[in-house]
Structures are given as structure tokens and as C-alpha cells.
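Participant: Got a structure here, written out as C-alpha cells. Questions coming.
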Amino acid sequence: MGRGVPPKAVLTIRLLIGLYLLYTDYQIYPDVMAREGTSKIVMIGIMVFFAVAGIILILMSGKELIAGRAGTDGQEAGTDLVEEAPGAETGTGSSKDTAGEGSVKDIEKAGSSEDDPEQKKE
């Protein structure tokens, strides 16, 4: 089962996280250059990791947002969320069901509450 393209909000958050990682790199650069020895090497490694992760997040999320392929709720864009009525594919439904007769009454029954005093007055 494919997961599809994430929703636009998730892609936007990923983009912002990538930007934040690059901003963090920019902020810690002066401190890293002031260090000496092993700690400087470790900090440079962390900076490289942050930069690579930030760039990957920005490029991948930005590409999906610009292409307009972001799903609306975690599904791939263009997929329908509405289920077909029973018998719609095969044509086995009766003409009364497809014409909609009786369906309005069923909806009204389902929407009304037996405990609603205004419904009892009618």
C-alpha cells in the first residue's frame, strides 16, 4: 500500500525545518571556527550533517510544493475520496435506487432525532 504524497502542510513544515537547520548552521559557524582540536572537528561534522539534511529537506519539499503534487489529506493529488454507490460499476442497482426515489426520506429519517421535541410536534 503506497503512502502517496504528503499533504501541503507537512511539506511546508519540512521546508521550514530545512531552512531552520541551515539557519542554525549559519549561527554556529563563528563558534565552530573559534574552537580548536577535536571539538572543532566534531562541530564541523555536525555542521555538515545539518547542512546536508537541511538542503535535502528544502529540495525535496520545495520540489513537491512547486510541482503542485501535494495531497489534500495524505493521498496523492487527484484521487477521489467519494466512494461509489453499490452497484454503480456493474449496473446491478435497481432503477429506483439510482433515480433517488425514497432516498430523501431515508436521509430525513437518519437526520432527525427521536429525542428532539420539535420533531415530535410535527
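The chains in the C-alpha cells are called A, B, ... from first to last as shown; in each chain the residues are counted from 1, and the ligands are counted from 1 in the order shown.
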Fewer than 5 positions away in the same chain doesn't count, so skip those; otherwise give me all residues within 10 Å of Ala51 in chain A, counting only C-alpha atoms, as a list in words.
Facilitator: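 Surrounding residues, per the criterion: Gly18, Leu19, Tyr20, Leu21, Leu22, Tyr23, Thr24, Asp25, Tyr26, Gly45, Ile46, Ile56 and Leu57 of chain A.
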Participant: Distance CA of Glu64 in chain A-CA of Val10 in chain A, one decimal place?
Facilitator: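 Between CA of Glu64 in chain A and CA of Val10 in chain A the gap is 10.9 Å.
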Participant: Between CA of Tyr29 in chain A and CA of Ile17 in chain A, measure the distance and give it in Å to one decimal.
Facilitator: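 According to the coordinates, CA of Tyr29 in chain A and CA of Ile17 in chain A are separated by 18.4 Å.
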